[in-house]
$ cat work36.csv   # CSV, C-alpha atoms and all ligand atoms
chain,number,residue,atom,x,y,z
A,1,ASN,CA,24.4,197.2,146.9
A,2,GLN,CA,24.2,199.7,144.2
A,3,ARG,CA,20.7,201.2,143.6
A,4,ILE,CA,19.0,204.2,142.0
A,5,VAL,CA,16.3,205.9,143.9
A,6,LEU,CA,13.8,208.7,143.0
A,7,ALA,CA,15.3,211.9,144.3
A,8,ALA,CA,12.6,214.3,143.1
A,9,ARG,CA,9.4,214.2,141.1
A,10,PRO,CA,10.1,215.5,137.6
A,11,GLN,CA,8.6,218.6,136.1
A,12,GLY,CA,8.1,217.7,132.4
A,13,LEU,CA,11.0,215.7,131.0
A,14,PRO,CA,13.0,214.1,133.8
A,15,VAL,CA,16.5,215.4,134.5
A,16,PRO,CA,19.5,213.5,136.0
A,17,GLY,CA,18.9,215.2,139.3
A,18,ASP,CA,15.6,213.5,139.7
A,19,PHE,CA,17.5,210.3,140.3
A,20,ARG,CA,20.2,209.4,142.9
A,21,LEU,CA,22.7,206.6,142.9
A,22,GLU,CA,23.2,205.0,146.3
A,23,GLU,CA,25.5,202.4,147.9
A,24,THR,CA,23.8,200.3,150.6
A,25,PRO,CA,24.7,197.0,152.2
A,26,VAL,CA,23.8,193.8,150.3
A,27,PRO,CA,20.6,192.4,151.9
A,28,GLN,CA,20.7,188.9,153.4
A,29,PRO,CA,18.0,186.4,152.5
A,30,GLY,CA,15.7,185.2,155.3
A,31,ALA,CA,14.1,181.8,155.4
A,32,GLY,CA,12.0,181.2,152.2
A,33,GLU,CA,13.9,184.0,150.4
A,34,VAL,CA,16.4,184.3,147.6
A,35,LEU,CA,19.1,186.9,147.0
A,36,MET,CA,19.1,187.9,143.3
A,37,GLU,CA,21.7,189.7,141.3
A,38,THR,CA,20.4,191.8,138.4
A,39,LEU,CA,21.9,190.9,135.0
A,40,PHE,CA,19.6,193.1,132.9
A,41,LEU,CA,17.3,195.9,133.8
A,42,SER,CA,14.4,196.9,131.5
A,43,LEU,CA,13.8,200.6,130.9
A,44,ASP,CA,10.2,201.2,129.9
A,45,PRO,CA,8.1,204.3,129.2
A,46,TYR,CA,5.6,203.5,132.0
A,47,MET,CA,8.3,204.4,134.5
A,48,ARG,CA,7.7,208.0,133.8
A,49,GLY,CA,4.2,207.6,135.3
A,50,ARG,CA,5.6,206.0,138.4
A,51,MET,CA,7.8,209.1,139.0
A,52,GLY,CA,4.8,211.4,139.3
A,53,LEU,CA,1.7,211.6,141.4
A,54,VAL,CA,-0.9,211.6,138.7
A,55,LYS,CA,-3.5,208.9,139.5
A,56,SER,CA,-2.9,205.8,137.4
A,57,TYR,CA,-3.3,202.0,137.5
A,58,ALA,CA,-0.2,201.7,139.6
A,59,GLN,CA,1.3,203.3,142.8
A,60,PRO,CA,3.9,206.0,142.4
A,61,VAL,CA,7.5,205.4,143.5
A,62,ALA,CA,8.1,207.2,146.9
A,63,ILE,CA,10.7,209.9,147.1
A,64,GLY,CA,13.8,208.0,148.2
A,65,GLY,CA,12.3,204.7,147.0
A,66,VAL,CA,14.1,202.4,144.5
A,67,MET,CA,12.9,202.9,140.9
A,68,VAL,CA,10.8,200.0,139.9
A,69,GLY,CA,11.5,197.8,136.9
A,70,GLY,CA,11.5,194.4,135.3
A,71,THR,CA,14.8,192.5,135.4
A,72,VAL,CA,16.5,189.3,134.4
A,73,SER,CA,18.2,188.2,137.6
A,74,LYS,CA,20.4,185.4,138.8
A,75,VAL,CA,19.9,183.6,142.1
A,76,VAL,CA,23.2,184.1,144.1
A,77,GLN,CA,22.0,182.8,147.5
A,78,SER,CA,18.9,180.7,148.2
A,79,ARG,CA,16.9,179.8,151.2
A,80,HIS,CA,13.9,178.9,149.1
A,81,PRO,CA,13.1,175.3,148.3
A,82,ASP,CA,12.3,175.9,144.6
A,83,TRP,CA,15.4,178.0,143.7
A,84,GLN,CA,19.0,177.1,143.5
A,85,GLU,CA,22.1,179.3,143.2
A,86,GLY,CA,22.7,180.0,139.5
A,87,ASP,CA,19.0,179.8,138.5
A,88,ILE,CA,17.9,182.7,136.2
A,89,ALA,CA,14.5,184.3,136.3
A,90,VAL,CA,12.5,187.3,135.1
A,91,ALA,CA,11.9,189.3,138.2
A,92,TYR,CA,10.8,192.8,139.2
A,93,ALA,CA,13.9,193.8,141.2
A,94,GLY,CA,14.0,197.4,140.1
A,95,TRP,CA,16.9,199.7,139.5
A,96,GLN,CA,19.4,197.9,141.7
A,97,ARG,CA,22.2,195.3,141.7
A,98,PHE,CA,20.9,193.0,144.5
A,99,ALA,CA,17.3,192.4,145.7
A,100,LEU,CA,15.5,189.8,147.8
A,101,SER,CA,12.5,187.8,146.6
A,102,ASP,CA,10.2,185.3,148.3
A,103,GLY,CA,9.8,183.7,144.9
A,104,SER,CA,6.4,185.1,144.1
A,105,GLY,CA,6.3,186.6,140.6
A,106,LEU,CA,9.5,185.0,139.4
A,107,ARG,CA,9.4,183.3,136.0
A,108,ARG,CA,12.2,180.8,135.4
A,109,LEU,CA,14.3,181.2,132.3
A,110,ASP,CA,16.4,178.7,130.4
A,111,PRO,CA,19.9,180.0,130.9
A,112,ALA,CA,20.7,179.0,127.3
A,113,ALA,CA,17.9,181.3,126.0
A,114,PRO,CA,18.6,184.9,124.9
A,115,LEU,CA,18.2,186.4,128.4
A,116,SER,CA,17.6,190.1,127.6
A,117,ALA,CA,14.9,189.2,125.1
A,118,ALA,CA,12.8,188.1,128.1
A,119,LEU,CA,12.4,191.8,128.8
A,120,GLY,CA,11.5,192.7,125.2
A,121,ALA,CA,10.1,190.7,122.3
A,122,LEU,CA,9.8,187.5,124.4
A,123,GLY,CA,8.6,189.3,127.5
A,124,MET,CA,6.3,192.1,128.7
A,125,PRO,CA,6.4,194.4,125.6
A,126,GLY,CA,6.0,191.5,123.2
A,127,PHE,CA,3.1,190.2,125.2
A,128,THR,CA,1.6,193.7,125.1
A,129,ALA,CA,1.6,193.7,121.3
A,130,TYR,CA,0.2,190.1,121.2
A,131,ALA,CA,-2.6,190.7,123.7
A,132,GLY,CA,-3.6,194.1,122.3
A,133,LEU,CA,-3.9,192.6,118.8
A,134,ARG,CA,-5.5,189.3,119.8
A,135,ASN,CA,-8.1,190.8,122.1
A,136,ILE,CA,-8.8,194.2,120.7
A,137,GLY,CA,-7.2,194.8,117.3
A,138,LYS,CA,-8.2,191.5,115.8
A,139,PRO,CA,-6.5,192.1,112.4
A,140,LYS,CA,-7.9,190.2,109.5
A,141,PRO,CA,-6.1,189.2,106.3
A,142,GLY,CA,-5.8,192.2,103.9
A,143,GLU,CA,-6.6,194.8,106.5
A,144,THR,CA,-4.2,197.7,107.3
A,145,VAL,CA,-2.6,197.9,110.7
A,146,ALA,CA,-0.7,201.0,111.7
A,147,VAL,CA,1.5,201.5,114.7
A,148,ALA,CA,4.0,204.1,115.9
A,149,ALA,CA,7.2,203.6,117.9
A,150,ALA,CA,7.6,201.0,115.2
A,151,THR,CA,11.2,199.9,116.0
A,152,GLY,CA,10.6,199.6,119.8
A,153,PRO,CA,9.7,196.4,121.4
A,154,VAL,CA,5.9,196.9,121.3
A,155,GLY,CA,5.6,198.5,117.9
A,156,SER,CA,8.0,196.1,116.2
A,157,ALA,CA,6.0,193.1,117.5
A,158,VAL,CA,2.7,194.7,116.5
A,159,GLY,CA,3.9,195.0,112.9
A,160,GLN,CA,5.2,191.5,112.7
A,161,ILE,CA,2.3,189.9,114.4
A,162,ALA,CA,-0.1,191.8,112.1
A,163,ARG,CA,1.7,190.4,109.1
A,164,ILE,CA,1.6,186.9,110.6
A,165,HIS,CA,-2.2,187.4,110.6
A,166,GLY,CA,-2.1,188.4,106.9
A,167,ALA,CA,-2.6,192.1,107.4
A,168,ARG,CA,-0.6,194.9,105.9
A,169,ALA,CA,1.6,196.7,108.4
A,170,VAL,CA,2.4,200.4,108.3
A,171,GLY,CA,5.1,201.5,110.7
A,172,ILE,CA,5.5,205.1,112.0
A,173,THR,CA,8.8,206.2,113.4
A,174,THR,CA,11.4,208.8,112.6
A,175,GLY,CA,15.0,209.2,111.4
A,176,ALA,CA,16.6,207.4,108.4
A,177,HIS,CA,18.0,204.5,110.4
A,178,LYS,CA,14.8,203.6,112.2
A,179,LEU,CA,12.7,204.0,109.0
A,180,ALA,CA,15.1,201.7,107.1
A,181,PHE,CA,15.2,199.2,109.9
A,182,ALA,CA,11.4,199.1,110.1
A,183,ARG,CA,11.1,198.5,106.4
A,184,ASP,CA,14.0,196.2,105.7
A,185,GLU,CA,14.5,194.2,108.9
A,186,LEU,CA,11.1,194.2,110.5
A,187,GLY,CA,9.2,193.8,107.2
A,188,PHE,CA,6.7,196.7,107.5
A,189,ASP,CA,5.0,197.1,104.2
A,190,ALA,CA,5.3,200.9,104.4
A,191,VAL,CA,7.0,203.3,106.8
A,192,VAL,CA,6.2,206.9,107.6
A,193,ASP,CA,8.2,209.6,109.4
A,194,HIS,CA,6.1,211.3,112.1
A,195,LYS,CA,8.5,214.3,112.2
A,196,ALA,CA,8.2,215.0,108.4
A,197,PRO,CA,6.4,218.2,107.7
A,198,ASP,CA,4.1,216.4,105.4
A,199,PHE,CA,3.5,213.5,107.8
A,200,THR,CA,-0.3,213.5,107.3
A,201,ALA,CA,0.0,213.3,103.6
A,202,GLN,CA,2.7,210.6,103.8
A,203,LEU,CA,0.5,208.5,106.1
A,204,ALA,CA,-2.5,208.8,103.8
A,205,ALA,CA,-0.4,207.8,100.9
A,206,ALA,CA,0.9,204.8,102.8
A,207,CYS,CA,-2.7,203.7,103.7
A,208,PRO,CA,-4.6,203.9,100.4
A,209,GLN,CA,-7.3,201.5,101.9
A,210,GLY,CA,-7.5,203.5,105.1
A,211,ILE,CA,-6.7,202.0,108.5
A,212,ASP,CA,-8.5,199.1,110.1
A,213,VAL,CA,-6.4,198.7,113.2
A,214,TYR,CA,-4.5,201.5,114.8
A,215,PHE,CA,-2.4,200.3,117.7
A,216,GLU,CA,-2.1,203.4,119.8
A,217,ASN,CA,1.4,203.7,121.4
A,218,VAL,CA,2.0,207.5,121.3
A,219,GLY,CA,-1.0,209.8,121.0
A,220,GLY,CA,-0.2,213.4,120.1
A,221,THR,CA,0.3,214.5,116.5
A,222,VAL,CA,0.4,210.8,115.3
A,223,TRP,CA,-3.1,210.3,116.6
A,224,ASP,CA,-4.2,213.5,114.8
A,225,GLY,CA,-2.8,212.1,111.5
A,226,VAL,CA,-4.3,208.6,112.0
A,227,PHE,CA,-7.8,209.6,113.1
A,228,PRO,CA,-9.2,210.8,109.8
A,229,LEU,CA,-7.9,207.6,108.1
A,230,LEU,CA,-9.7,205.1,110.4
A,231,ASN,CA,-12.2,203.0,108.4
A,232,PRO,CA,-15.7,202.2,109.6
A,233,PHE,CA,-15.5,199.6,112.3
A,234,ALA,CA,-11.8,200.2,112.9
A,235,ARG,CA,-10.4,199.0,116.2
A,236,VAL,CA,-7.9,201.0,118.3
A,237,PRO,CA,-6.2,199.2,121.1
A,238,VAL,CA,-5.1,202.2,123.3
A,239,CYS,CA,-1.8,200.9,124.7
A,240,GLY,CA,0.3,203.9,125.4
A,241,LEU,CA,0.4,207.7,125.0
A,242,ILE,CA,4.1,208.5,125.3
A,243,ALA,CA,3.7,211.9,123.7
A,244,GLN,CA,1.9,213.0,126.8
A,245,TYR,CA,3.9,211.3,129.5
A,246,ASN,CA,6.0,214.3,130.4
A,247,HIS,CA,3.0,216.5,130.7
A,248,PRO,CA,0.5,214.3,132.6
A,249,GLY,CA,-2.9,215.8,133.1
A,250,GLU,CA,-2.2,218.9,131.1
A,251,PRO,CA,-4.6,219.8,128.3
A,252,GLN,CA,-3.2,219.3,124.8
A,253,PRO,CA,-2.4,222.4,122.7
A,254,GLY,CA,-5.0,223.5,120.2
A,255,PRO,CA,-8.8,223.6,120.2
A,256,ASP,CA,-10.8,221.1,122.2
A,257,ARG,CA,-11.6,218.3,119.7
A,258,LEU,CA,-13.5,216.0,122.0
A,259,ALA,CA,-17.0,216.7,120.5
A,260,VAL,CA,-15.8,216.0,117.0
A,261,THR,CA,-13.9,212.9,118.0
A,262,MET,CA,-17.0,211.5,119.8
A,263,ARG,CA,-19.2,212.2,116.8
A,264,GLU,CA,-16.7,210.4,114.5
A,265,ILE,CA,-16.5,207.4,116.9
A,266,LEU,CA,-20.2,207.2,116.7
A,267,SER,CA,-20.7,207.7,112.9
A,268,ARG,CA,-17.8,205.5,111.9
A,269,SER,CA,-18.6,202.8,114.5
A,270,LEU,CA,-15.1,202.9,115.9
A,271,THR,CA,-13.9,200.8,118.8
A,272,LEU,CA,-11.3,202.5,121.1
A,273,ARG,CA,-10.4,200.2,124.0
A,274,GLY,CA,-7.7,200.9,126.5
A,275,PHE,CA,-5.8,198.1,128.2
A,276,VAL,CA,-3.0,197.3,130.5
A,277,MET,CA,-1.3,194.1,129.6
A,278,THR,CA,-1.6,192.6,133.1
A,279,GLU,CA,-5.3,192.2,132.3
A,280,PHE,CA,-4.4,189.3,130.0
A,281,TRP,CA,-1.2,188.0,131.5
A,282,ASP,CA,-2.4,185.2,133.6
A,283,SER,CA,-4.8,183.7,131.0
A,284,GLN,CA,-2.7,184.2,127.9
A,285,GLN,CA,1.0,184.2,128.8
A,286,ASP,CA,1.4,180.5,128.0
A,287,ASP,CA,-0.1,181.0,124.5
A,288,PHE,CA,2.1,184.0,124.0
A,289,LEU,CA,5.3,182.3,125.1
A,290,ARG,CA,4.5,179.3,122.8
A,291,ASP,CA,3.7,181.5,119.8
A,292,ALA,CA,6.4,184.1,120.2
A,293,THR,CA,9.1,181.4,120.7
A,294,ALA,CA,8.0,179.6,117.6
A,295,TRP,CA,7.9,182.9,115.6
A,296,ALA,CA,11.3,183.8,116.8
A,297,ALA,CA,12.7,180.4,115.8
A,298,ASP,CA,11.3,180.6,112.3
A,299,GLY,CA,12.4,184.2,111.8
A,300,ARG,CA,8.9,185.8,111.7
A,301,LEU,CA,9.5,187.7,114.9
A,302,ARG,CA,12.7,189.7,115.0
A,303,TRP,CA,13.9,192.5,117.3
A,304,ARG,CA,16.6,195.0,118.0
A,305,GLU,CA,18.0,195.8,121.4
A,306,ASP,CA,19.7,198.9,122.6
A,307,ILE,CA,21.9,197.8,125.5
A,308,VAL,CA,23.5,200.3,127.8
A,309,GLN,CA,26.3,199.2,130.1
A,310,GLY,CA,26.2,200.0,133.9
A,311,LEU,CA,23.4,200.9,136.3
A,312,GLU,CA,24.9,204.4,136.7
A,313,ASN,CA,23.9,205.1,133.0
A,314,ALA,CA,20.2,204.1,133.5
A,315,PRO,CA,18.9,207.6,134.2
A,316,GLU,CA,20.4,209.2,131.1
A,317,ALA,CA,19.2,206.2,129.0
A,318,PHE,CA,15.7,206.5,130.4
A,319,ILE,CA,15.6,210.3,129.7
A,320,GLY,CA,16.6,209.4,126.1
A,321,LEU,CA,13.9,206.8,125.8
A,322,LEU,CA,11.2,209.5,126.4
A,323,GLN,CA,12.7,211.5,123.5
A,324,GLY,CA,13.1,208.6,121.1
A,325,ARG,CA,16.9,208.3,121.4
A,326,ASN,CA,16.7,204.6,122.0
A,327,PHE,CA,16.9,202.3,118.9
A,328,GLY,CA,15.2,199.1,119.8
A,329,LYS,CA,14.4,197.6,123.2
A,330,LEU,CA,16.2,199.6,125.9
A,331,VAL,CA,18.0,197.4,128.4
A,332,VAL,CA,20.7,198.1,131.0
A,333,GLN,CA,23.3,195.4,131.4
A,334,LEU,CA,24.7,195.1,135.0
A,335,GLY,CA,26.3,191.7,134.8
A,336,ALA,CA,26.7,188.5,132.8
A,337,ALA,CA,25.2,185.1,133.5
A,401,LIG,P1,9.9,202.2,122.8
A,401,LIG,O1,11.1,201.4,123.1
A,401,LIG,O2,9.3,202.1,121.4
A,401,LIG,O3,10.2,203.7,123.1
A,401,LIG,C1,9.4,204.7,123.0
A,401,LIG,C2,9.4,205.3,121.6
A,401,LIG,O4,8.3,206.2,121.5
A,401,LIG,C3,10.6,206.2,121.3
A,401,LIG,O5,11.7,205.5,120.9
A,401,LIG,C4,10.0,207.0,120.1
A,401,LIG,O6,10.1,206.3,118.9
A,401,LIG,C5,8.5,207.1,120.4
A,401,LIG,N1,8.1,208.5,120.8
A,401,LIG,C6,8.5,209.1,121.9
A,401,LIG,N2,7.9,210.3,122.0
A,401,LIG,C7,7.1,210.4,120.9
A,401,LIG,C8,6.2,211.3,120.4
A,401,LIG,N3,6.0,212.5,121.0
A,401,LIG,N4,5.5,211.1,119.3
A,401,LIG,C9,5.7,209.9,118.6
A,401,LIG,N5,6.5,208.9,119.1
A,401,LIG,C10,7.2,209.2,120.2
A,401,LIG,O7,8.7,201.9,123.8
A,401,LIG,P2,7.9,200.5,124.1
A,401,LIG,O8,7.8,199.7,122.9
A,401,LIG,O9,8.4,199.9,125.3
A,401,LIG,O10,6.4,201.1,124.4
A,401,LIG,C11,5.6,201.7,123.4
A,401,LIG,C12,4.3,202.2,124.1
A,401,LIG,O11,3.6,201.1,124.7
A,401,LIG,C13,4.5,203.2,125.2
A,401,LIG,O12,3.6,204.2,125.1
A,401,LIG,C14,4.3,202.4,126.4
A,401,LIG,O13,4.0,203.2,127.5
A,401,LIG,C15,3.2,201.4,126.0
A,401,LIG,N6,3.1,200.2,126.8
A,401,LIG,C16,1.9,199.9,127.3
A,401,LIG,C17,1.7,198.8,128.0
A,401,LIG,C18,0.3,198.4,128.5
A,401,LIG,O14,0.1,197.4,129.2
A,401,LIG,N7,-0.7,199.2,128.1
A,401,LIG,C19,2.8,197.8,128.2
A,401,LIG,C20,4.0,198.2,127.6
A,401,LIG,C21,4.2,199.4,126.9
A,401,LIG,P3,10.4,206.9,117.5
A,401,LIG,O15,11.8,207.4,117.5
A,401,LIG,O16,10.1,205.8,116.6
A,401,LIG,O17,9.4,208.1,117.3
$ encode --input "work36.csv" --output "structure tokens" --more "lines below"
Ligand code: NDP
Amino acid sequence: NQRIVLAARPQGLPVPGDFRLEETPVPQPGAGEVLMETLFLSLDPYMRGRMGLVKSYAQPVAIGGVMVGGTVSKVVQSRHPDWQEGDIAVAYAGWQRFALSDGSGLRRLDPAAPLSAALGALGMPGFTAYAGLRNIGKPKPGETVAVAAATGPVGSAVGQIARIHGARAVGITTGAHKLAFARDELGFDAVVDHKAPDFTAQLAAACPQGIDVYFENVGGTVWDGVFPLLNPFARVPVCGLIAQYNHPGEPQPGPDRLAVTMREILSRSLTLRGFVMTEFWDSQQDDFLRDATAWAADGRLRWREDIVQGLENAPEAFIGLLQGRNFGKLVVQLGAA
């Protein structure tokens, strides 16, 4: 078995030496178990949190432990009554070629469906966008919805779902290719470059009616630009803070703005509500899969994937994700169905 384990806890941005590629024997399924082979491994920003020890909603990966991660996996041996050789499922097998499962947490996939999309627009990140908008953002027709990481799997779905609800979508990203893709392929009504020196002015110009829903994916300087533009009664689903992930727990540079922020939350009647998508998964995944599948079929939900070949290239791709080097949903391909 080929697998990648956590070799060291990163200081700041992870480096290749924080990971180690290992060869181990392929495990054998016991009674009631299946042996699964990973076809696609999802690389996601939350994995940075699992590499550290800062208290979070999830347990850290142990030093020497296999890096966690969602996968699309194929059953290659089954001693489980519900699973046959050749079946395909969304699993949580981690950064490795083979893994055992007792069947819990597996979600069966149609082998004819676009498999890697089950890790992106039609899977966890797409659901995150759907659940955050449905339960917290609640965009209404004519309102303005802003989101950063706009070409990634969460942000691209946020913009498109906002438009499906009749809202105006403003996408924040950086670089000519991503900006053009967000506008021309994903249908954002306006796009803004968060690395432009006049980002704040560009954002204000792109949101002449202010912002009613800010889907918070990144924090940092983007939040600073958005906050003054939030309208009374704006809703902010706090989904991710990737700008901080490499410096967990450290104070942000600049003066302490908490008192001002709290005063504005009060006086503008803002709602900031954090969430982890698992809160809504059991009760809303069927609605999501039904809606997202329909939107994908009629072209209202589109996505781009950034597919890297070979497990050995996962660490470098993951380090790139934390710096915005991915363009679309980052997936590692290990095999073919
Ligand atoms: P993406 O594939 O969009 O990758 C992350 C992107 O973040 C980068 O490509 C880059 O995009 C952007 N980025 C990185 N650093 C910064 C920075 N300092 N300032 C602004 N943008 C930055 O990621 P996902 O779509 O998978 O995830 C988006 C967010 O949603 C993450 O914060 C993630 O942790 C969160 N999330 C939360 C979940 C929950 O349950 N709460 C579930 C899933 C995801 P660009 O080049 O456009 O700047």
$ residues_near_ligand --input "work36.csv" --ligand "ligand LIG 401 (chain A)" --cutoff "7 Å" --atoms "all atoms listed in the file" --output "MDAnalysis selection string"
chainID A and resid 44:46 124:125 128 148:155 172:174 178 194 217:222 239:243 275:278 321:330
$ write_last_selection --input "work36.csv" --atoms "C-alpha atoms" --output "compact mmCIF listing (two decimals), in the coordinates of the input"
# COMPACT_ATOMS: atom_id res chain seq x y z
CA ASP A 44 10.20 201.20 129.90
CA PRO A 45 8.10 204.30 129.20
CA TYR A 46 5.60 203.50 132.00
CA MET A 124 6.30 192.10 128.70
CA PRO A 125 6.40 194.40 125.60
CA THR A 128 1.60 193.70 125.10
CA ALA A 148 4.00 204.10 115.90
CA ALA A 149 7.20 203.60 117.90
CA ALA A 150 7.60 201.00 115.20
CA THR A 151 11.20 199.90 116.00
CA GLY A 152 10.60 199.60 119.80
CA PRO A 153 9.70 196.40 121.40
CA VAL A 154 5.90 196.90 121.30
CA GLY A 155 5.60 198.50 117.90
CA ILE A 172 5.50 205.10 112.00
CA THR A 173 8.80 206.20 113.40
CA THR A 174 11.40 208.80 112.60
CA LYS A 178 14.80 203.60 112.20
CA HIS A 194 6.10 211.30 112.10
CA ASN A 217 1.40 203.70 121.40
CA VAL A 218 2.00 207.50 121.30
CA GLY A 219 -1.00 209.80 121.00
CA GLY A 220 -0.20 213.40 120.10
CA THR A 221 0.30 214.50 116.50
CA VAL A 222 0.40 210.80 115.30
CA CYS A 239 -1.80 200.90 124.70
CA GLY A 240 0.30 203.90 125.40
CA LEU A 241 0.40 207.70 125.00
CA ILE A 242 4.10 208.50 125.30
CA ALA A 243 3.70 211.90 123.70
CA PHE A 275 -5.80 198.10 128.20
CA VAL A 276 -3.00 197.30 130.50
CA MET A 277 -1.30 194.10 129.60
CA THR A 278 -1.60 192.60 133.10
CA LEU A 321 13.90 206.80 125.80
CA LEU A 322 11.20 209.50 126.40
CA GLN A 323 12.70 211.50 123.50
CA GLY A 324 13.10 208.60 121.10
CA ARG A 325 16.90 208.30 121.40
CA ASN A 326 16.70 204.60 122.00
CA PHE A 327 16.90 202.30 118.90
CA GLY A 328 15.20 199.10 119.80
CA LYS A 329 14.40 197.60 123.20
CA LEU A 330 16.20 199.60 125.90
$ residues_around --input "work36.csv" --residues "Glu312 of chain A" --least-positions-apart "2" --cutoff "8 Å" --atoms "all atoms listed in the file" --output "list of chain:residue names"
A:Ile4, A:Leu21, A:Gly310, A:Ala314, A:Pro315
$ write_last_selection --input "work36.csv" --atoms "C-alpha atoms" --output "CSV table (one decimal), in the frame of the given file"
chain,number,residue,atom,x,y,z
A,4,ILE,CA,19.0,204.2,142.0
A,21,LEU,CA,22.7,206.6,142.9
A,310,GLY,CA,26.2,200.0,133.9
A,314,ALA,CA,20.2,204.1,133.5
A,315,PRO,CA,18.9,207.6,134.2
$ residues_around --input "work36.csv" --residues "Val213 of chain A" --least-positions-apart "4" --cutoff "8 Å" --atoms "only C-alpha atoms" --output "PDB file with C-alpha atoms, in the coordinates of the input"
ATOM      1  CA  GLY A 137      -7.200 194.800 117.300  1.00  0.00           C
ATOM      2  CA  LYS A 138      -8.200 191.500 115.800  1.00  0.00           C
ATOM      3  CA  PRO A 139      -6.500 192.100 112.400  1.00  0.00           C
ATOM      4  CA  GLU A 143      -6.600 194.800 106.500  1.00  0.00           C
ATOM      5  CA  THR A 144      -4.200 197.700 107.300  1.00  0.00           C
ATOM      6  CA  VAL A 145      -2.600 197.900 110.700  1.00  0.00           C
ATOM      7  CA  ALA A 146      -0.700 201.000 111.700  1.00  0.00           C
ATOM      8  CA  LEU A 230      -9.700 205.100 110.400  1.00  0.00           C
ATOM      9  CA  ALA A 234     -11.800 200.200 112.900  1.00  0.00           C
ATOM     10  CA  ARG A 235     -10.400 199.000 116.200  1.00  0.00           C
ATOM     11  CA  VAL A 236      -7.900 201.000 118.300  1.00  0.00           C
ATOM     12  CA  PRO A 237      -6.200 199.200 121.100  1.00  0.00           C
TER      13      PRO A 237
END
$ closest_residue --input "work36.csv" --among "A:Leu272, A:Asp189, A:Glu23, A:Asp282" --to "Arg163 of chain A" --atoms "all atoms listed in the file"
A:Asp189
$ closest_residue --input "work36.csv" --among "A:Ala169, A:Ile307, A:Val54, A:Leu119" --to "Arg183 of chain A" --atoms "all atoms listed in the file"
A:Ala169
$ residues_around --input "work36.csv" --residues "Glu185 of chain A" --least-positions-apart "2" --cutoff "10 Å" --atoms "all atoms listed in the file" --output "NGL selection string"
:A and (151 or 156 or 178-183 or 187-188 or 302-304)
$ residues_around --input "work36.csv" --residues "segment 291-294 of chain A" --least-positions-apart "3" --cutoff "10 Å" --atoms "all atoms listed in the file" --output "number ranges by chain"
A: 121-123, 126-127, 130, 157, 161, 285-288, 297-302
$ closest_residue --input "work36.csv" --among "A:Phe19, A:Tyr214, A:Trp281, A:Trp223" --to "Phe199 of chain A" --atoms "all atoms listed in the file"
A:Trp223
$ closest_residue --input "work36.csv" --among "A:Gly105, A:Pro29, A:Pro10, A:Pro255" --to "Arg50 of chain A" --atoms "all atoms listed in the file"
A:Pro10
